$ cat model-v5.txt   # compact mmCIF, C-alpha atoms
# COMPACT_ATOMS: atom_id res chain seq x y z
CA MET A 1362 82.96 66.86 96.19
CA THR A 1363 86.44 65.60 95.40
CA THR A 1364 89.61 66.26 97.36
CA PHE A 1365 93.06 65.41 96.11
CA ALA A 1366 96.14 65.64 98.27
CA ASP A 1367 98.00 62.36 97.79
CA ALA A 1368 100.15 62.92 94.69
CA PRO A 1369 103.74 64.01 95.48
CA ALA A 1370 103.36 67.20 93.39
CA LEU A 1371 100.41 68.23 95.56
CA SER A 1372 101.91 67.27 98.92
CA GLY A 1373 100.40 69.39 101.69
CA LEU A 1374 97.70 70.85 99.45
CA THR A 1375 94.05 69.85 99.68
CA VAL A 1376 92.05 70.76 96.59
CA ILE A 1377 88.26 70.86 96.50
CA ARG A 1378 86.72 70.34 93.09
CA GLU A 1379 82.99 70.64 92.56
CA PRO A 1380 80.95 71.01 89.37
CA GLY A 1381 80.37 74.63 88.45
CA ARG A 1382 83.23 75.96 90.59
CA PRO A 1383 86.94 76.49 90.02
CA ALA A 1384 89.32 74.36 92.08
CA VAL A 1385 89.45 75.77 95.64
CA VAL A 1386 92.32 75.48 98.13
CA THR A 1387 91.80 76.60 101.74
CA THR A 1388 95.05 77.95 103.16
CA PRO A 1389 96.09 77.64 106.85
CA GLY A 1390 94.85 81.16 107.70
CA HIS A 1391 98.07 83.02 108.41
CA HIS A 1392 97.68 86.36 110.20
CA SER A 1393 100.56 88.13 108.45
CA ILE A 1394 101.17 88.48 104.73
CA GLU A 1395 104.82 87.54 105.31
CA ALA A 1396 103.82 84.17 106.77
CA ALA A 1397 101.25 83.68 104.02
CA ALA A 1398 103.86 84.48 101.35
CA ALA A 1399 106.25 81.93 102.88
CA TRP A 1400 103.48 79.30 102.71
CA LEU A 1401 102.70 80.22 99.10
CA THR A 1402 106.38 79.97 98.17
CA GLU A 1403 106.65 76.57 99.83
CA HIS A 1404 103.59 75.29 97.95
CA ARG A 1405 104.18 77.07 94.64
CA THR A 1406 105.10 73.85 92.78
CA ALA A 1407 101.96 72.14 94.05
CA VAL A 1408 99.80 75.12 93.09
CA GLN A 1409 101.34 75.19 89.61
CA ALA A 1410 100.64 71.47 89.19
CA GLU A 1411 97.00 72.04 90.08
CA LEU A 1412 96.88 75.05 87.78
CA HIS A 1413 97.98 72.89 84.85
CA ARG A 1414 95.33 70.34 85.77
CA SER A 1415 92.36 72.62 86.45
CA GLY A 1416 93.30 75.83 84.64
CA ALA A 1417 92.33 78.03 87.60
CA VAL A 1418 92.90 77.72 91.36
CA LEU A 1419 91.21 79.84 94.02
CA LEU A 1420 93.25 80.25 97.23
CA ARG A 1421 91.08 81.11 100.23
CA GLY A 1422 91.90 82.36 103.72
CA LEU A 1423 94.80 84.72 102.99
CA PRO A 1424 95.46 88.10 104.68
CA VAL A 1425 95.41 90.05 101.40
CA HIS A 1426 93.76 93.36 102.30
CA ASP A 1427 95.51 95.92 100.10
CA ALA A 1428 97.62 96.33 96.97
CA ALA A 1429 100.90 95.96 98.87
CA ALA A 1430 99.88 92.61 100.37
CA PHE A 1431 98.60 91.49 96.97
CA ALA A 1432 101.96 92.33 95.38
CA THR A 1433 103.75 90.33 98.09
CA ALA A 1434 101.55 87.31 97.39
CA ARG A 1435 102.08 87.80 93.65
CA ASP A 1436 105.84 87.66 94.06
CA ALA A 1437 105.50 84.37 95.98
CA LEU A 1438 103.44 82.74 93.22
CA ILE A 1439 104.73 84.31 89.99
CA GLU A 1440 108.40 84.27 89.07
CA GLN A 1441 108.37 86.75 86.17
CA ARG A 1442 106.07 89.74 85.67
CA ALA A 1443 104.36 90.34 82.33
CA GLY A 1444 103.41 93.72 80.89
CA TYR A 1445 99.94 94.84 79.82
CA LYS A 1446 100.32 95.60 76.11
CA GLU A 1447 98.01 97.07 73.47
CA LYS A 1448 95.58 98.33 76.10
CA ALA A 1449 91.93 97.84 75.25
CA THR A 1450 90.03 98.64 78.47
CA PRO A 1451 90.41 101.19 81.29
CA ARG A 1452 92.30 100.06 84.41
CA THR A 1453 93.69 101.77 87.49
CA ASP A 1454 97.45 101.33 87.89
CA PHE A 1455 98.50 100.82 91.52
CA GLY A 1456 102.19 100.49 90.63
CA GLU A 1457 104.58 97.54 90.82
CA GLY A 1458 102.63 95.70 88.13
CA VAL A 1459 99.35 95.73 90.07
CA PHE A 1460 96.19 96.93 88.33
CA SER A 1461 92.49 97.04 88.98
CA SER A 1462 90.43 94.53 87.11
CA THR A 1463 88.69 96.21 84.18
CA ASP A 1464 87.05 99.51 85.22
CA LEU A 1465 83.70 99.09 83.49
CA PRO A 1466 80.23 99.87 84.91
CA ALA A 1467 78.97 97.42 87.53
CA ALA A 1468 75.87 96.58 85.50
CA GLN A 1469 77.96 95.48 82.52
CA PRO A 1470 79.06 91.82 82.56
CA ILE A 1471 82.32 90.93 80.85
CA ARG A 1472 82.34 87.83 78.67
CA LEU A 1473 85.02 85.18 78.83
CA HIS A 1474 88.26 85.99 77.03
CA ASN A 1475 91.98 85.15 77.15
CA GLU A 1476 94.05 88.17 78.18
CA ASN A 1477 96.02 89.77 75.31
CA SER A 1478 95.14 86.96 72.90
CA TYR A 1479 95.73 89.43 70.06
CA THR A 1480 99.38 90.19 70.95
CA LEU A 1481 102.49 88.25 69.88
CA ASP A 1482 103.37 87.59 73.51
CA PHE A 1483 100.99 87.54 76.43
CA PRO A 1484 100.79 86.69 80.12
CA GLY A 1485 100.81 82.96 80.74
CA VAL A 1486 99.35 83.46 84.21
CA LEU A 1487 96.95 85.96 85.76
CA LEU A 1488 96.50 86.54 89.49
CA PHE A 1489 93.29 88.11 90.80
CA GLY A 1490 92.84 89.26 94.39
CA CYS A 1491 89.74 90.33 96.30
CA ILE A 1492 90.23 93.42 98.46
CA THR A 1493 86.51 94.25 98.72
CA ALA A 1494 83.88 91.63 97.90
CA PRO A 1495 80.70 92.90 96.20
CA GLU A 1496 77.34 92.60 97.91
CA GLU A 1497 75.88 90.60 95.05
CA GLY A 1498 77.32 89.02 91.90
CA GLY A 1499 80.68 90.19 90.63
CA ALA A 1500 82.42 86.81 90.46
CA THR A 1501 85.44 86.53 88.20
CA THR A 1502 84.17 83.73 86.01
CA VAL A 1503 86.51 81.26 84.33
CA GLY A 1504 86.11 78.65 81.60
CA ASP A 1505 88.26 75.75 80.37
CA MET A 1506 89.37 76.46 76.80
CA ARG A 1507 90.41 72.83 76.22
CA GLU A 1508 86.77 71.90 76.69
CA ALA A 1509 85.63 74.90 74.65
CA LEU A 1510 87.67 73.69 71.68
CA ARG A 1511 86.14 70.24 72.00
CA LEU A 1512 82.60 71.64 72.15
CA LEU A 1513 82.88 73.99 69.16
CA PRO A 1514 80.84 72.83 66.16
CA GLU A 1515 83.21 70.86 63.95
CA GLY A 1516 82.68 73.01 60.87
CA LEU A 1517 83.42 76.25 62.71
CA ARG A 1518 86.45 74.75 64.42
CA ALA A 1519 87.90 73.68 61.07
CA ARG A 1520 87.35 77.13 59.53
CA PHE A 1521 89.03 78.91 62.43
CA GLU A 1522 91.90 76.44 62.48
CA LYS A 1523 92.65 77.17 58.82
CA ALA A 1524 92.04 80.92 58.68
CA GLY A 1525 92.52 82.18 62.25
CA TRP A 1526 90.67 85.32 63.36
CA LEU A 1527 90.98 88.98 62.41
CA LEU A 1528 90.75 91.95 64.79
CA VAL A 1529 90.00 95.43 63.43
CA ARG A 1530 90.28 98.37 65.84
CA ASN A 1531 89.18 101.96 65.26
CA TYR A 1532 90.84 104.20 67.87
CA SER A 1533 88.87 107.20 69.07
CA GLU A 1534 88.57 109.51 72.04
CA LEU A 1535 84.79 109.07 71.88
CA ALA A 1536 84.49 105.27 72.04
CA GLY A 1537 87.00 102.68 73.15
CA LEU A 1538 90.50 104.00 73.79
CA PRO A 1539 92.52 106.53 71.75
CA TRP A 1540 95.63 105.16 70.07
CA TYR A 1541 98.03 107.07 72.32
CA THR A 1542 96.58 105.30 75.36
CA THR A 1543 96.73 101.87 73.76
CA PHE A 1544 100.32 102.29 72.61
CA ALA A 1545 101.44 104.44 75.57
CA THR A 1546 102.91 107.15 73.35
CA GLU A 1547 101.83 110.38 71.67
CA ASP A 1548 104.46 109.93 68.95
CA ARG A 1549 102.96 108.45 65.79
CA ALA A 1550 106.34 107.14 64.69
CA VAL A 1551 106.73 105.17 67.92
CA ALA A 1552 103.25 103.67 67.48
CA GLU A 1553 104.09 102.77 63.88
CA THR A 1554 107.32 101.08 64.93
CA TYR A 1555 105.45 99.03 67.51
CA CYS A 1556 102.92 97.95 64.87
CA ASP A 1557 105.66 97.05 62.40
CA GLU A 1558 107.47 94.98 65.02
CA ASN A 1559 104.30 93.25 66.20
CA THR A 1560 102.65 92.31 62.90
CA ILE A 1561 99.88 94.90 63.05
CA GLY A 1562 98.66 96.67 59.93
CA TYR A 1563 97.78 100.34 60.41
CA GLU A 1564 96.25 103.28 58.57
CA TRP A 1565 96.00 106.88 59.71
CA ALA A 1566 93.04 109.11 58.89
CA ASP A 1567 93.14 112.88 58.35
CA ASP A 1568 91.77 113.55 61.84
CA ASP A 1569 94.71 111.71 63.48
CA SER A 1570 92.54 108.66 64.18
CA LEU A 1571 93.97 105.20 63.57
CA VAL A 1572 92.70 101.87 62.23
CA THR A 1573 94.64 98.67 62.88
CA ARG A 1574 94.25 95.12 61.59
CA GLN A 1575 95.87 92.02 63.00
CA ARG A 1576 95.24 88.39 62.14
CA ARG A 1577 96.04 85.81 64.79
CA SER A 1578 95.63 82.10 65.31
CA ALA A 1579 92.37 81.09 66.99
CA ILE A 1580 93.80 77.78 68.23
CA ILE A 1581 97.13 77.32 70.00
CA THR A 1582 98.93 74.66 72.03
CA HIS A 1583 99.92 75.06 75.67
CA PRO A 1584 103.74 75.06 75.74
CA VAL A 1585 103.92 73.03 78.97
CA THR A 1586 100.95 70.65 78.92
CA GLY A 1587 100.87 70.17 75.14
CA GLU A 1588 97.08 70.61 75.04
CA ARG A 1589 95.32 72.43 72.21
CA VAL A 1590 93.00 75.27 73.24
CA TRP A 1591 90.59 77.86 71.85
CA PHE A 1592 92.47 81.14 72.45
CA ASN A 1593 91.15 84.44 71.09
CA HIS A 1594 88.86 87.45 71.47
CA PHE A 1595 86.72 86.61 68.44
CA ALA A 1596 83.30 86.41 70.12
CA PHE A 1597 84.22 88.90 72.84
CA TRP A 1598 84.66 91.76 70.36
CA ASN A 1599 82.37 90.64 67.58
CA SER A 1600 79.65 93.19 66.79
CA ARG A 1601 77.01 90.42 66.85
CA THR A 1602 77.81 89.81 70.53
CA LEU A 1603 76.85 93.38 71.47
CA ASP A 1604 73.44 94.16 72.87
CA PRO A 1605 71.33 94.95 69.77
CA ASP A 1606 70.45 98.44 71.00
CA VAL A 1607 74.11 99.25 71.69
CA ARG A 1608 75.16 97.88 68.31
CA GLU A 1609 72.51 99.96 66.55
CA VAL A 1610 73.71 103.17 68.22
CA LEU A 1611 77.37 102.42 67.46
CA GLU A 1612 76.70 101.54 63.83
CA GLU A 1613 74.54 104.65 63.35
CA THR A 1614 77.32 106.78 64.87
CA TYR A 1615 80.43 105.21 63.34
CA GLY A 1616 79.13 103.03 60.50
CA PRO A 1617 79.32 99.22 60.39
CA ASP A 1618 83.06 99.34 59.66
CA GLY A 1619 83.89 102.05 62.22
CA LEU A 1620 83.20 100.29 65.52
CA PRO A 1621 85.95 100.53 68.16
CA PHE A 1622 86.39 96.75 67.90
CA ASN A 1623 85.15 94.16 65.47
CA THR A 1624 86.25 90.66 64.55
CA TYR A 1625 86.07 88.42 61.53
CA LEU A 1626 87.17 85.01 60.43
CA GLY A 1627 90.80 85.31 59.37
CA ASP A 1628 89.81 85.34 55.69
CA GLY A 1629 87.71 88.47 56.29
CA THR A 1630 84.36 86.66 56.42
CA ARG A 1631 81.68 88.09 58.70
CA LEU A 1632 80.14 85.19 60.60
CA THR A 1633 76.36 84.98 60.82
CA ASP A 1634 74.45 85.73 64.00
CA ALA A 1635 73.85 82.00 64.43
CA GLU A 1636 77.56 81.19 64.10
CA VAL A 1637 78.59 83.85 66.62
CA ASP A 1638 75.83 82.63 68.95
CA ALA A 1639 77.23 79.10 68.66
CA VAL A 1640 80.64 80.31 69.89
CA ASN A 1641 79.08 82.25 72.78
CA GLU A 1642 76.99 79.22 73.74
CA VAL A 1643 80.20 77.22 74.12
CA TYR A 1644 81.56 79.86 76.49
CA ASP A 1645 78.32 79.69 78.50
CA ARG A 1646 78.61 75.90 78.78
CA VAL A 1647 82.16 75.95 80.17
CA THR A 1648 81.73 78.90 82.57
CA VAL A 1649 82.26 78.22 86.28
CA ARG A 1650 82.12 80.69 89.18
CA GLU A 1651 82.87 81.21 92.86
CA SER A 1652 81.70 84.23 94.85
CA TRP A 1653 84.56 86.36 96.09
CA GLN A 1654 85.49 86.56 99.77
CA GLU A 1655 87.89 89.21 101.06
CA GLY A 1656 91.47 87.96 100.86
CA ASP A 1657 90.80 85.41 98.12
CA LEU A 1658 93.37 84.97 95.38
CA MET A 1659 92.64 83.24 92.09
CA LEU A 1660 95.47 82.09 89.87
CA VAL A 1661 94.42 81.56 86.24
CA ASP A 1662 96.41 79.88 83.48
CA ASN A 1663 95.68 82.38 80.70
CA ILE A 1664 96.06 79.76 77.96
CA LEU A 1665 94.07 76.92 79.52
CA CYS A 1666 91.32 79.18 80.89
CA ALA A 1667 89.44 82.27 79.76
CA HIS A 1668 88.08 84.67 82.36
CA GLY A 1669 85.26 87.20 82.62
CA ARG A 1670 83.17 89.10 85.16
CA GLU A 1671 79.58 89.02 86.34
CA SER A 1672 77.61 92.22 86.82
CA PHE A 1673 77.41 93.23 90.48
CA SER A 1674 76.03 95.56 93.10
CA GLY A 1675 77.83 97.25 95.97
CA ASP A 1676 81.51 98.11 96.27
CA ARG A 1677 83.90 95.74 94.51
CA LYS A 1678 87.69 95.97 94.43
CA ILE A 1679 89.49 93.20 92.58
CA LEU A 1680 93.17 93.55 91.76
CA VAL A 1681 95.04 91.78 88.97
CA ALA A 1682 98.67 91.08 88.13
CA MET A 1683 100.07 89.40 85.04
CA GLY A 1684 103.06 87.11 84.83
CA GLU A 1685 105.04 84.30 83.20
CA PRO A 1686 105.01 85.82 79.67
CA VAL A 1687 104.59 83.41 76.75
CA ALA A 1688 105.43 84.00 73.09
CA LEU A 1689 102.75 83.09 70.58
CA ALA A 1690 105.46 81.46 68.46
CA ASP A 1691 106.10 78.97 71.27
CA CYS A 1692 102.46 77.82 71.22
CA SER A 1693 102.35 76.09 67.82
CA PRO A 1694 99.72 78.49 66.42
CA ALA A 1695 97.39 76.78 63.97
CA SER A 1696 97.69 79.70 61.53
CA PRO A 1697 100.36 82.41 61.14
CA ALA A 1698 100.14 85.97 62.39
CA SER A 1699 99.59 88.55 59.65
CA THR A 1700 98.61 92.16 59.03
CA THR A 1701 96.12 91.11 56.35
CA VAL A 1702 93.28 88.66 55.90
CA HIS A 1703 94.21 85.09 55.13
CA GLY A 1704 95.00 84.66 51.47
CA GLU A 1705 95.85 88.30 50.64

$ encode --input "model-v5.txt" --output "structure tokens"
Amino acid sequence: MTTFADAPALSGLTVIREPGRPAVVTTPGHHSIEAAAAWLTEHRTAVQAELHRSGAVLLRGLPVHDAAAFATARDALIEQRAGYKEKATPRTDFGEGVFSSTDLPAAQPIRLHNENSYTLDFPGVLLFGCITAPEEGGATTVGDMREALRLLPEGLRARFEKAGWLLVRNYSELAGLPWYTTFATEDRAVAETYCDENTIGYEWADDDSLVTRQRRSAIITHPVTGERVWFNHFAFWNSRTLDPDVREVLEETYGPDGLPFNTYLGDGTRLTDAEVDAVNEVYDRVTVRESWQEGDLMLVDNILCAHGRESFSGDRKILVAMGEPVALADCSPASPASTTVHGE
């Protein structure tokens, strides 16, 4: 176990770092959220310094028992709120920029991903808070994307650096989310304007369904630390990552090109099972976890770290807020954003 509390930037903050766990800070144990928020504000610079070092920091011992207390803590740690754009998963909105973590079945784990990696601007920081800890499992896993980039097979890394990655979405009321939920409008013209302004190609079908295509860089540079990272949803939404039985049902129902989400190399190439497995193996190697305790907060640098979720049993209530928005253009993307495959 390593503790670090001597550097001026971390004055008054003791950080515990152990293999397989995110950095953990035990707070003084304030009884009121107002006192806790004052402590968080006082130590915000130190927490941010540790966040840039470790990518994720778990703060333990806080009186965060409901959405209102969570929002108060959020405002002490995050200076600017970020919106949740181009929605892809169901969430409960508690107001004031506070959401549930993804509302998916407890038995379904969620693989590591960087939030909104497919948008032209995205939250630089995520804050998770535990209101109810699950009986078993359910950790919000995190993984260092600096290390992931280093571990990627050299050939794959070079291909992604040149071509980027391509996301294709088929919007439906039957699988995934309908387009009017994703774009928060029932007006096709408004959705089209958003796509035009955000470098998203789109095509309407006769049944009012929508297909979008957006190519993004798979590798970017952190605008503060200057470190290059693996930053995308490529493996997360690739059809080869799905459970084979689930993929078979979806492909029989919608066809191989009609899945709610699918990803490709930025030149349109479908990667082989072995190549997708290689990317997922890297995520597995960098994953760390810490079981939730009620009142825990975890601050995640959304560029330096990807996050996910274990399956769980029992009640689980984890809140999330997004902040410190970052423009993709400020992250030295390795390849340009486009509505088409690379080279078209």

$ residues_around --input "model-v5.txt" --residues "stretch 1680-1692 of chain A" --least-positions-apart "3" --cutoff "7 Å" --atoms "all atoms listed in the file" --output "number ranges by chain"
A: 1439-1444, 1458-1462, 1481-1491, 1581-1584

$ closest_residue --input "model-v5.txt" --among "A:Ala1536, A:Leu1632, A:Ala1500, A:Val1647" --to "A:Thr1614" --atoms "all atoms listed in the file"
A:Ala1536

$ residues_around --input "model-v5.txt" --residues "A:Ile1394" --least-positions-apart "5" --cutoff "9 Å" --atoms "all atoms listed in the file" --output "list in words"
Ala1399, Leu1423, Pro1424, Val1425, Ala1430, Phe1431, Thr1433 and Ala1434 of chain A

$ atom_distance --input "model-v5.txt" --atom1 "atom CA of A:Leu1611" --atom2 "atom CA of A:Leu1571"
17.3 Å

$ atom_distance --input "model-v5.txt" --atom1 "atom CA of A:Gly1656" --atom2 "atom CA of A:Thr1493"
8.3 Å

$ closest_residue --input "model-v5.txt" --among "A:Glu1612, A:His1594, A:Gly1516, A:Ser1533" --to "A:Ala1639" --atoms "all atoms listed in the file"
A:Gly1516
